[in-house]
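Undergrad: Input structure: input-v7.cif, which contains mmCIF, C-alpha atoms.
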```cif
data_entry
#
loop_
_atom_site.label_atom_id
_atom_site.label_comp_id
_atom_site.auth_asym_id
_atom_site.auth_seq_id
_atom_site.Cartn_x
_atom_site.Cartn_y
_atom_site.Cartn_z
CA MET A 1 27.04 26.31 68.60
CA THR A 2 24.33 25.74 66.01
CA ILE A 3 20.69 26.76 66.24
CA ILE A 4 18.50 24.34 64.30
CA SER A 5 14.93 23.11 64.02
CA GLY A 6 13.35 19.91 62.79
CA LYS A 7 11.03 21.96 60.57
CA GLY A 8 10.90 25.44 59.09
CA GLY A 9 9.09 28.38 60.66
CA THR A 10 9.83 27.67 64.31
CA GLY A 11 11.67 30.98 64.86
CA LYS A 12 15.28 29.82 64.93
CA THR A 13 16.55 32.77 62.90
CA SER A 14 14.86 35.24 65.26
CA ILE A 15 16.54 33.47 68.19
CA ALA A 16 19.89 33.40 66.38
CA ALA A 17 19.68 37.12 65.62
CA ALA A 18 18.79 37.88 69.25
CA PHE A 19 21.78 35.84 70.43
CA ALA A 20 23.98 37.78 68.01
CA GLY A 21 23.02 40.95 69.84
CA LEU A 22 23.78 39.39 73.22
CA ALA A 23 27.07 37.63 72.44
CA LYS A 24 30.14 39.62 73.44
CA ASN A 25 32.86 38.12 71.27
CA ALA A 26 31.38 36.05 68.44
CA VAL A 27 31.35 35.41 64.72
CA PHE A 28 28.06 34.54 63.06
CA ALA A 29 27.29 32.13 60.25
CA ASP A 30 24.09 31.66 58.28
CA CYS A 31 24.19 28.07 57.07
CA ASP A 32 20.67 27.99 55.70
CA VAL A 33 22.14 28.49 52.24
CA ASP A 34 19.00 27.39 50.38
CA ALA A 35 16.88 30.11 51.98
CA ALA A 36 19.15 32.42 53.96
CA ASP A 37 17.38 35.16 55.90
CA LEU A 38 19.61 36.11 58.84
CA HIS A 39 20.86 39.00 56.70
CA LEU A 40 17.37 40.54 56.82
CA ILE A 41 17.94 41.34 60.50
CA LEU A 42 21.71 41.75 60.69
CA LYS A 43 21.90 43.89 57.51
CA PRO A 44 25.47 42.90 56.60
CA LYS A 45 27.89 45.01 54.58
CA ILE A 46 29.55 42.60 52.17
CA LYS A 47 33.35 42.79 52.25
CA GLU A 48 34.23 39.80 50.08
CA THR A 49 32.37 37.65 47.53
CA ILE A 50 33.55 34.10 46.78
CA LYS A 51 32.28 32.17 43.76
CA PHE A 52 31.12 28.67 44.66
CA SER A 53 31.19 25.72 42.29
CA GLY A 54 29.33 22.62 43.41
CA LEU A 55 28.70 20.08 40.67
CA LYS A 56 30.36 20.00 37.27
CA VAL A 57 28.67 20.28 33.89
CA ALA A 58 29.60 18.86 30.49
CA ALA A 59 30.99 21.26 27.89
CA LYS A 60 31.50 20.64 24.16
CA ASP A 61 34.53 21.53 22.08
CA SER A 62 32.88 22.44 18.77
CA GLU A 63 36.13 22.08 16.84
CA LYS A 64 36.47 18.42 17.85
CA CYS A 65 32.79 17.45 17.67
CA VAL A 66 31.75 15.52 14.52
CA ASP A 67 28.03 15.38 15.38
CA CYS A 68 28.03 11.60 15.64
CA GLY A 69 25.27 11.60 18.24
CA GLU A 70 26.85 9.06 20.59
CA CYS A 71 26.62 11.50 23.51
CA ARG A 72 22.96 12.31 22.89
CA GLU A 73 22.10 8.63 22.66
CA ALA A 74 23.84 7.83 25.95
CA CYS A 75 22.55 10.79 28.00
CA ARG A 76 19.70 9.59 30.20
CA PHE A 77 18.88 13.15 31.33
CA ASP A 78 18.12 14.44 27.81
CA ALA A 79 20.66 17.19 28.40
CA ILE A 80 21.99 17.17 24.81
CA ASP A 81 19.74 18.61 22.10
CA GLU A 82 19.41 17.80 18.41
CA ASN A 83 22.29 20.16 17.62
CA PHE A 84 24.45 18.27 20.15
CA GLU A 85 24.63 21.26 22.51
CA VAL A 86 24.70 20.61 26.26
CA SER A 87 22.02 22.15 28.46
CA ALA A 88 23.68 23.30 31.68
CA ILE A 89 20.28 23.17 33.39
CA ASP A 90 19.56 19.53 32.52
CA CYS A 91 23.11 18.18 32.76
CA GLU A 92 23.80 16.22 35.97
CA GLY A 93 27.56 16.07 35.40
CA CYS A 94 27.62 12.25 35.35
CA GLY A 95 30.27 12.16 32.63
CA VAL A 96 28.81 9.36 30.51
CA CYS A 97 28.92 11.58 27.42
CA ILE A 98 32.66 12.00 27.89
CA TYR A 99 33.06 8.26 28.22
CA VAL A 100 31.24 7.47 24.93
CA CYS A 101 32.55 10.38 22.82
CA PRO A 102 34.97 8.94 20.20
CA GLU A 103 36.56 12.34 19.51
CA ASP A 104 37.20 13.53 23.10
CA ALA A 105 35.03 16.54 22.28
CA LEU A 106 33.44 16.74 25.73
CA SER A 107 34.81 17.55 29.18
CA LEU A 108 33.50 18.36 32.63
CA VAL A 109 33.92 21.95 33.80
CA ASP A 110 33.01 23.75 37.00
CA ARG A 111 29.57 25.29 37.05
CA GLU A 112 28.69 28.39 39.02
CA SER A 113 26.43 27.13 41.81
CA GLY A 114 26.26 30.12 44.13
CA TYR A 115 28.25 32.62 46.18
CA ALA A 116 29.71 32.79 49.67
CA TYR A 117 30.09 36.14 51.40
CA ILE A 118 32.25 37.61 54.14
CA SER A 119 30.44 40.53 55.72
CA GLU A 120 30.43 42.88 58.67
CA THR A 121 27.39 43.54 60.84
CA ARG A 122 26.65 45.82 63.78
CA PHE A 123 27.28 42.83 66.05
CA GLY A 124 30.40 41.43 64.39
CA PRO A 125 31.62 39.42 61.38
CA LEU A 126 29.17 37.28 59.40
CA SER A 127 29.84 34.37 57.05
CA HIS A 128 26.90 33.60 54.77
CA ALA A 129 26.04 32.37 51.29
CA LYS A 130 23.41 31.99 48.61
CA LEU A 131 22.89 28.86 46.54
CA ASN A 132 21.62 29.45 43.02
CA VAL A 133 18.10 28.32 42.15
CA ALA A 134 17.73 24.54 41.60
CA GLU A 135 21.38 23.88 42.48
CA GLU A 136 22.45 20.95 44.64
CA THR A 137 25.46 20.39 46.92
CA SER A 138 24.12 22.70 49.63
CA GLY A 139 26.10 20.64 52.14
CA LYS A 140 29.36 21.60 50.42
CA LEU A 141 28.39 25.28 50.52
CA VAL A 142 27.54 25.00 54.22
CA THR A 143 31.02 23.59 54.80
CA LEU A 144 32.52 26.57 52.98
CA VAL A 145 30.47 28.98 55.12
CA ARG A 146 31.65 27.27 58.30
CA ASN A 147 35.29 27.26 57.18
CA ASN A 148 35.05 30.97 56.44
CA ALA A 149 33.54 31.55 59.89
CA ARG A 150 36.45 29.71 61.52
CA ILE A 151 38.93 31.85 59.60
CA LEU A 152 37.07 35.00 60.68
CA ALA A 153 37.06 33.88 64.32
CA LYS A 154 40.79 33.25 64.29
CA LYS A 155 41.55 36.47 62.43
CA ASN A 156 39.43 38.61 64.76
CA ASN A 157 40.25 36.77 68.01
CA LYS A 158 36.65 35.68 68.53
CA ASP A 159 36.00 32.79 70.88
CA LEU A 160 32.54 31.76 69.73
CA ILE A 161 30.78 30.97 66.44
CA ILE A 162 26.97 31.17 66.42
CA ILE A 163 25.47 29.28 63.49
CA ASP A 164 21.95 29.75 62.17
CA GLY A 165 21.36 26.32 60.69
CA PRO A 166 18.88 25.06 58.10
CA PRO A 167 15.65 23.24 59.00
CA GLY A 168 15.10 19.51 58.65
CA ILE A 169 17.51 16.59 59.06
CA GLY A 170 19.24 16.44 55.66
CA CYS A 171 22.78 16.93 54.39
CA PRO A 172 22.98 20.71 55.03
CA VAL A 173 21.86 20.16 58.64
CA ILE A 174 24.52 17.50 59.16
CA SER A 175 27.12 19.86 57.68
CA SER A 176 25.90 22.59 60.05
CA ILE A 177 26.15 20.61 63.28
CA THR A 178 29.14 18.31 62.74
CA GLY A 179 31.81 19.04 65.34
CA VAL A 180 30.00 21.83 67.20
CA ASP A 181 29.95 22.01 70.99
CA LEU A 182 26.18 22.42 71.33
CA VAL A 183 22.99 22.47 69.30
CA LEU A 184 19.97 24.49 70.35
CA ILE A 185 16.84 23.02 68.81
CA VAL A 186 13.97 25.47 68.45
CA THR A 187 10.63 23.68 68.40
CA GLU A 188 6.97 24.55 68.82
CA PRO A 189 4.14 22.84 70.75
CA THR A 190 2.40 21.10 67.86
CA LYS A 191 2.26 17.46 66.79
CA SER A 192 4.53 18.13 63.82
CA GLY A 193 6.84 20.13 66.07
CA ILE A 194 7.24 17.24 68.51
CA HIS A 195 7.68 14.72 65.68
CA ASP A 196 10.40 16.76 64.01
CA LEU A 197 12.07 17.56 67.34
CA LYS A 198 12.53 13.83 67.95
CA ARG A 199 13.99 13.37 64.47
CA ILE A 200 16.58 16.13 64.81
CA LEU A 201 17.48 14.98 68.35
CA GLY A 202 18.18 11.60 66.79
CA VAL A 203 20.55 13.18 64.27
CA ALA A 204 22.38 15.15 66.95
CA GLY A 205 22.59 12.06 69.14
CA HIS A 206 24.03 10.03 66.27
CA PHE A 207 26.94 12.48 66.07
CA ASN A 208 27.27 12.70 69.87
CA ILE A 209 26.54 16.42 69.92
CA PRO A 210 25.06 17.83 73.16
CA SER A 211 21.54 19.16 72.62
CA SER A 212 19.32 21.72 74.29
CA VAL A 213 15.76 22.75 73.47
CA CYS A 214 13.83 25.99 73.22
CA ILE A 215 10.04 25.80 72.98
CA ASN A 216 8.90 28.82 70.99
CA LYS A 217 5.24 29.94 71.15
CA CYS A 218 5.04 27.73 74.23
CA ASP A 219 1.63 29.06 75.29
CA ILE A 220 -0.31 28.27 72.11
CA ASN A 221 -0.73 24.69 73.32
CA THR A 222 0.29 24.22 76.94
CA GLN A 223 -0.48 20.49 76.90
CA GLN A 224 1.90 19.90 73.99
CA SER A 225 4.51 22.09 75.71
CA LYS A 226 4.29 19.88 78.79
CA SER A 227 4.65 16.80 76.59
CA ILE A 228 7.86 18.19 75.07
CA GLN A 229 9.23 19.07 78.50
CA LYS A 230 8.42 15.59 79.81
CA TYR A 231 10.08 13.94 76.80
CA CYS A 232 13.19 16.08 77.26
CA GLN A 233 13.29 15.36 80.99
CA ILE A 234 13.11 11.60 80.40
CA ASN A 235 15.95 11.85 77.85
CA ASN A 236 18.11 14.23 79.92
CA ILE A 237 17.85 17.07 77.41
CA PRO A 238 17.77 20.53 79.02
CA VAL A 239 14.92 22.83 78.05
CA VAL A 240 16.67 26.18 78.25
CA GLY A 241 13.85 28.44 77.07
CA LEU A 242 10.07 28.73 77.09
CA VAL A 243 9.23 31.65 74.79
CA PRO A 244 5.57 32.77 74.73
CA TYR A 245 3.86 33.71 71.49
CA ASP A 246 4.26 37.39 70.64
CA THR A 247 3.92 39.42 67.45
CA LEU A 248 6.96 41.43 68.54
CA PHE A 249 9.15 39.00 66.60
CA THR A 250 7.39 39.86 63.35
CA LYS A 251 7.32 43.58 64.09
CA ALA A 252 11.03 43.57 64.91
CA MET A 253 11.87 41.68 61.72
CA ILE A 254 9.93 44.19 59.64
CA LYS A 255 12.09 46.93 61.16
CA GLY A 256 15.26 44.94 60.53
CA LYS A 257 15.99 44.61 64.25
CA THR A 258 16.38 41.84 66.78
CA VAL A 259 13.48 41.48 69.18
CA ILE A 260 15.75 42.66 72.01
CA GLU A 261 16.64 45.84 70.13
CA PHE A 262 12.99 46.41 69.26
CA ASN A 263 11.44 46.01 72.70
CA ASP A 264 13.00 45.64 76.14
CA GLY A 265 10.12 43.75 77.73
CA LEU A 266 9.07 40.24 78.77
CA ILE A 267 10.21 38.52 75.57
CA SER A 268 13.63 40.13 75.77
CA ASP A 269 13.99 39.00 79.39
CA VAL A 270 13.07 35.43 78.44
CA ILE A 271 15.63 35.34 75.62
CA LYS A 272 18.33 36.93 77.79
CA ARG A 273 17.82 34.24 80.45
CA MET A 274 17.94 31.58 77.75
CA TRP A 275 21.19 33.01 76.38
CA GLU A 276 22.71 32.94 79.87
CA LYS A 277 21.87 29.24 80.16
CA VAL A 278 23.25 28.45 76.72
CA GLU A 279 26.39 30.50 77.36
CA GLY A 280 26.91 28.58 80.60
CA MET A 281 26.71 25.28 78.71
CA LEU A 282 29.40 26.47 76.28
CA VAL A 283 31.97 27.29 78.96
#
```
Output the structure of this file as structure tokens.
TA:
Amino acid sequence: MTIISGKGGTGKTSIAAAFAGLAKNAVFADCDVDAADLHLILKPKIKETIKFSGLKVAAKDSEKCVDCGECREACRFDAIDENFEVSAIDCEGCGVCIYVCPEDALSLVDRESGYAYISETRFGPLSHAKLNVAEETSGKLVTLVRNNARILAKKNNKDLIIIDGPPGIGCPVISSITGVDLVLIVTEPTKSGIHDLKRILGVAGHFNIPSSVCINKCDINTQQSKSIQKYCQINNIPVVGLVPYDTLFTKAMIKGKTVIEFNDGLISDVIKRMWEKVEGMLV
């Protein structure tokens, strides 16, 4: 299952971390590779680091280069300077410089785009990653994270993978939800929350993935909460959780704990009941 949100800041990572503490036999995956933060709560011990190469970058063979300037003239990204050296930052890996070079002095090589990690947490194995600054192909890195999670599940005889997905509706989200048995969409009772909830429900529906909804901070605007519940009822989407606003989430995160570990009160009871509903939908 994947926990997602149509926008950032709805509390999906806090919910994912809480579920990690409640799941009995699961592997966890943080697929928000552009801004991963599940590790802040789960505090993983890294067991394996895997170099990730997304796009390619042009590289010059100085022995072959005759400084003719054909490559610099053809490069629309201004990635080749007056000394005919390639800037790895500006290069988009399109390959036009290779096409125009009369001396075959240029080639495309893998560029280091980030790292994937296999780790162990107090709740079980974790697959996660970090994309380098300004790098693209986050969808490809998400796929790597999910593949690693599947390998971990098989290796450790785990029967469930809980994925903390990225926000929005873009490529990394699609990579995070494709083929899963259920998505839990964490939303909030605001106009932007409702708007983005509808967008991400549309994405999940396009891929025929069953959806459920959790309304976080449900009491900050009860009218909007009712509107979300009515919309979900009309569209046969189960609302599995109504989580009231509470600073316990922030306090728990500061301590590096799940909210259930931090305080065994009302919020913990609400999340436990939500987990029971979600678990029942996964059977």
Undergrad: My list of candidates is A:Glu188, A:Asp246, A:Asp269, A:Glu136. Which is closest to Asp34 (chain A) when distances are computed with only C-alpha atoms?
TA: A:Glu136
Undergrad: For a quick check of understanding, using all atoms listed in the file, which of A:Lys64, A:Arg122, A:Arg146, A:Lys230 has the smallest distance to Pro102 (chain A)?
TA: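 Closest candidate: A:Lys64.
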Undergrad: Would you translate the PyMOL selection byres ((chain A and resi 167) around 8) into the concrete set of residues it matches in this file, as a list of chain:residue names?
TA: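 Taken over the shown coordinates, the PyMOL selection byres ((chain A and resi 167) around 8) returns A:Ile4, A:Ser5, A:Gly6, A:Lys7, A:Gly8, A:Asp32, A:Gly165, A:Pro166, A:Gly168, A:Ile169, A:Val173.
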Undergrad: What is the CA of Glu103 (chain A)-CA of Ile89 (chain A) distance in Å, reported with one decimal?
TA: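 Those two atoms sit 24.0 Å apart.
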Undergrad: Build an axis-aligned box that encloses every atom of region 6-10 of chain A listed in the file, pad it by 8 Å on each side, and report its centre and edge lengths in Å to one decimal, as lines of an AutoDock Vina configuration file.
TA:
```
center_x = 11.2
center_y = 24.1
center_z = 61.7
size_x = 20.3
size_y = 24.5
size_z = 21.2
```
Undergrad: Smallest atom-to-atom distance to Gly280 (chain A): which of A:Tyr245, A:Leu106, A:Leu182, A:Ile41, using only C-alpha atoms?
TA: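 Of A:Tyr245, A:Leu106, A:Leu182, A:Ile41, the one nearest Gly280 (chain A) is A:Leu182, counting only C-alpha atoms.
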Undergrad: Can you work out which one of A:Leu248, A:Ile220, A:Ala204, A:Cys232 has the shortest atom-to-atom distance to Gly265 (chain A), counting only C-alpha atoms?
TA: A:Leu248
Undergrad: Using only C-alpha atoms, find the one residue out of A:Val183, A:Met253, A:Ala153, A:Ile200 that sits nearest to Val240 (chain A).
TA: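 Selected residue with least distance to Val240 (chain A): A:Val183.
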Undergrad: Counting all atoms listed in the file, find residues at most 10 Å from (30.1, 24.2, 50.4) (file frame) and give them as a PDB file with C-alpha atoms, in the frame of the given file.
TA:
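File written: part.pdb
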```pdb
ATOM      1  CA  CYS A  31      24.190  28.070  57.070  1.00  0.00           C
ATOM      2  CA  VAL A  33      22.140  28.490  52.240  1.00  0.00           C
ATOM      3  CA  PHE A  52      31.120  28.670  44.660  1.00  0.00           C
ATOM      4  CA  SER A  53      31.190  25.720  42.290  1.00  0.00           C
ATOM      5  CA  GLY A  54      29.330  22.620  43.410  1.00  0.00           C
ATOM      6  CA  SER A 113      26.430  27.130  41.810  1.00  0.00           C
ATOM      7  CA  GLY A 114      26.260  30.120  44.130  1.00  0.00           C
ATOM      8  CA  TYR A 115      28.250  32.620  46.180  1.00  0.00           C
ATOM      9  CA  ALA A 116      29.710  32.790  49.670  1.00  0.00           C
ATOM     10  CA  ALA A 129      26.040  32.370  51.290  1.00  0.00           C
ATOM     11  CA  LEU A 131      22.890  28.860  46.540  1.00  0.00           C
ATOM     12  CA  THR A 137      25.460  20.390  46.920  1.00  0.00           C
ATOM     13  CA  SER A 138      24.120  22.700  49.630  1.00  0.00           C
ATOM     14  CA  GLY A 139      26.100  20.640  52.140  1.00  0.00           C
ATOM     15  CA  LYS A 140      29.360  21.600  50.420  1.00  0.00           C
ATOM     16  CA  LEU A 141      28.390  25.280  50.520  1.00  0.00           C
ATOM     17  CA  VAL A 142      27.540  25.000  54.220  1.00  0.00           C
ATOM     18  CA  THR A 143      31.020  23.590  54.800  1.00  0.00           C
ATOM     19  CA  LEU A 144      32.520  26.570  52.980  1.00  0.00           C
ATOM     20  CA  VAL A 145      30.470  28.980  55.120  1.00  0.00           C
ATOM     21  CA  ARG A 146      31.650  27.270  58.300  1.00  0.00           C
ATOM     22  CA  ASN A 147      35.290  27.260  57.180  1.00  0.00           C
ATOM     23  CA  PRO A 172      22.980  20.710  55.030  1.00  0.00           C
ATOM     24  CA  SER A 175      27.120  19.860  57.680  1.00  0.00           C
TER      25      SER A 175
END
```
Undergrad: Kindly indicate which residue among A:Ile174, A:Val96, A:Cys218, A:Cys65 lies nearest to Asn83 (chain A), using all atoms listed in the file for the distances.
TA: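 The answer is A:Cys65, which sits nearest to Asn83 (chain A).
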Undergrad: Provide region 102-127 of chain A rebuilt to N, CA and C atoms, formatted as a PDB file, in the coordinates of the input.
TA:
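Contents of result_23.pdb, as written:
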```
ATOM      1  N   PRO A 102      33.790   9.500  20.880  1.00  0.00           N
ATOM      2  CA  PRO A 102      34.970   8.940  20.200  1.00  0.00           C
ATOM      3  C   PRO A 102      36.017   9.996  19.855  1.00  0.00           C
ATOM      4  N   GLU A 103      35.648  11.276  19.928  1.00  0.00           N
ATOM      5  CA  GLU A 103      36.560  12.340  19.510  1.00  0.00           C
ATOM      6  C   GLU A 103      37.103  13.166  20.675  1.00  0.00           C
ATOM      7  N   ASP A 104      36.787  12.760  21.906  1.00  0.00           N
ATOM      8  CA  ASP A 104      37.200  13.530  23.100  1.00  0.00           C
ATOM      9  C   ASP A 104      36.766  14.993  22.985  1.00  0.00           C
ATOM     10  N   ALA A 105      35.532  15.182  22.512  1.00  0.00           N
ATOM     11  CA  ALA A 105      35.030  16.540  22.280  1.00  0.00           C
ATOM     12  C   ALA A 105      34.282  17.103  23.496  1.00  0.00           C
ATOM     13  N   LEU A 106      34.168  16.311  24.545  1.00  0.00           N
ATOM     14  CA  LEU A 106      33.440  16.740  25.730  1.00  0.00           C
ATOM     15  C   LEU A 106      34.324  16.663  26.969  1.00  0.00           C
ATOM     16  N   SER A 107      34.074  17.549  27.908  1.00  0.00           N
ATOM     17  CA  SER A 107      34.810  17.550  29.180  1.00  0.00           C
ATOM     18  C   SER A 107      33.908  18.109  30.267  1.00  0.00           C
ATOM     19  N   LEU A 108      34.254  17.814  31.503  1.00  0.00           N
ATOM     20  CA  LEU A 108      33.500  18.360  32.630  1.00  0.00           C
ATOM     21  C   LEU A 108      34.179  19.625  33.136  1.00  0.00           C
ATOM     22  N   VAL A 109      33.391  20.674  33.305  1.00  0.00           N
ATOM     23  CA  VAL A 109      33.920  21.950  33.800  1.00  0.00           C
ATOM     24  C   VAL A 109      33.105  22.380  35.006  1.00  0.00           C
ATOM     25  N   ASP A 110      33.713  23.223  35.825  1.00  0.00           N
ATOM     26  CA  ASP A 110      33.010  23.750  37.000  1.00  0.00           C
ATOM     27  C   ASP A 110      31.812  24.581  36.567  1.00  0.00           C
ATOM     28  N   ARG A 111      30.725  24.450  37.338  1.00  0.00           N
ATOM     29  CA  ARG A 111      29.570  25.290  37.050  1.00  0.00           C
ATOM     30  C   ARG A 111      29.311  26.182  38.252  1.00  0.00           C
ATOM     31  N   GLU A 112      28.944  27.403  37.976  1.00  0.00           N
ATOM     32  CA  GLU A 112      28.690  28.390  39.020  1.00  0.00           C
ATOM     33  C   GLU A 112      27.411  28.012  39.763  1.00  0.00           C
ATOM     34  N   SER A 113      27.567  27.629  41.040  1.00  0.00           N
ATOM     35  CA  SER A 113      26.430  27.130  41.810  1.00  0.00           C
ATOM     36  C   SER A 113      25.920  28.115  42.844  1.00  0.00           C
ATOM     37  N   GLY A 114      26.686  29.144  43.137  1.00  0.00           N
ATOM     38  CA  GLY A 114      26.260  30.120  44.130  1.00  0.00           C
ATOM     39  C   GLY A 114      27.425  30.986  44.568  1.00  0.00           C
ATOM     40  N   TYR A 115      27.224  31.710  45.669  1.00  0.00           N
ATOM     41  CA  TYR A 115      28.250  32.620  46.180  1.00  0.00           C
ATOM     42  C   TYR A 115      28.309  32.552  47.697  1.00  0.00           C
ATOM     43  N   ALA A 116      29.506  32.640  48.225  1.00  0.00           N
ATOM     44  CA  ALA A 116      29.710  32.790  49.670  1.00  0.00           C
ATOM     45  C   ALA A 116      30.165  34.224  49.925  1.00  0.00           C
ATOM     46  N   TYR A 117      29.800  34.731  51.091  1.00  0.00           N
ATOM     47  CA  TYR A 117      30.090  36.140  51.400  1.00  0.00           C
ATOM     48  C   TYR A 117      30.749  36.260  52.772  1.00  0.00           C
ATOM     49  N   ILE A 118      31.681  37.184  52.860  1.00  0.00           N
ATOM     50  CA  ILE A 118      32.250  37.610  54.140  1.00  0.00           C
ATOM     51  C   ILE A 118      31.756  39.032  54.370  1.00  0.00           C
ATOM     52  N   SER A 119      31.079  39.230  55.485  1.00  0.00           N
ATOM     53  CA  SER A 119      30.440  40.530  55.720  1.00  0.00           C
ATOM     54  C   SER A 119      30.700  41.021  57.135  1.00  0.00           C
ATOM     55  N   GLU A 120      30.353  42.274  57.351  1.00  0.00           N
ATOM     56  CA  GLU A 120      30.430  42.880  58.670  1.00  0.00           C
ATOM     57  C   GLU A 120      29.046  43.340  59.073  1.00  0.00           C
ATOM     58  N   THR A 121      28.683  43.100  60.329  1.00  0.00           N
ATOM     59  CA  THR A 121      27.390  43.540  60.840  1.00  0.00           C
ATOM     60  C   THR A 121      27.612  44.411  62.077  1.00  0.00           C
ATOM     61  N   ARG A 122      26.541  44.971  62.586  1.00  0.00           N
ATOM     62  CA  ARG A 122      26.650  45.820  63.780  1.00  0.00           C
ATOM     63  C   ARG A 122      27.031  45.014  65.019  1.00  0.00           C
ATOM     64  N   PHE A 123      26.929  43.678  64.916  1.00  0.00           N
ATOM     65  CA  PHE A 123      27.280  42.830  66.050  1.00  0.00           C
ATOM     66  C   PHE A 123      28.610  42.106  65.862  1.00  0.00           C
ATOM     67  N   GLY A 124      29.151  42.130  64.641  1.00  0.00           N
ATOM     68  CA  GLY A 124      30.400  41.430  64.390  1.00  0.00           C
ATOM     69  C   GLY A 124      30.427  40.795  63.013  1.00  0.00           C
ATOM     70  N   PRO A 125      31.473  40.020  62.708  1.00  0.00           N
ATOM     71  CA  PRO A 125      31.620  39.420  61.380  1.00  0.00           C
ATOM     72  C   PRO A 125      30.551  38.356  61.101  1.00  0.00           C
ATOM     73  N   LEU A 126      30.168  38.258  59.831  1.00  0.00           N
ATOM     74  CA  LEU A 126      29.170  37.280  59.400  1.00  0.00           C
ATOM     75  C   LEU A 126      29.665  36.541  58.165  1.00  0.00           C
ATOM     76  N   SER A 127      29.574  35.210  58.213  1.00  0.00           N
ATOM     77  CA  SER A 127      29.840  34.370  57.050  1.00  0.00           C
ATOM     78  C   SER A 127      28.491  33.844  56.573  1.00  0.00           C
TER      79      SER A 127
END
```
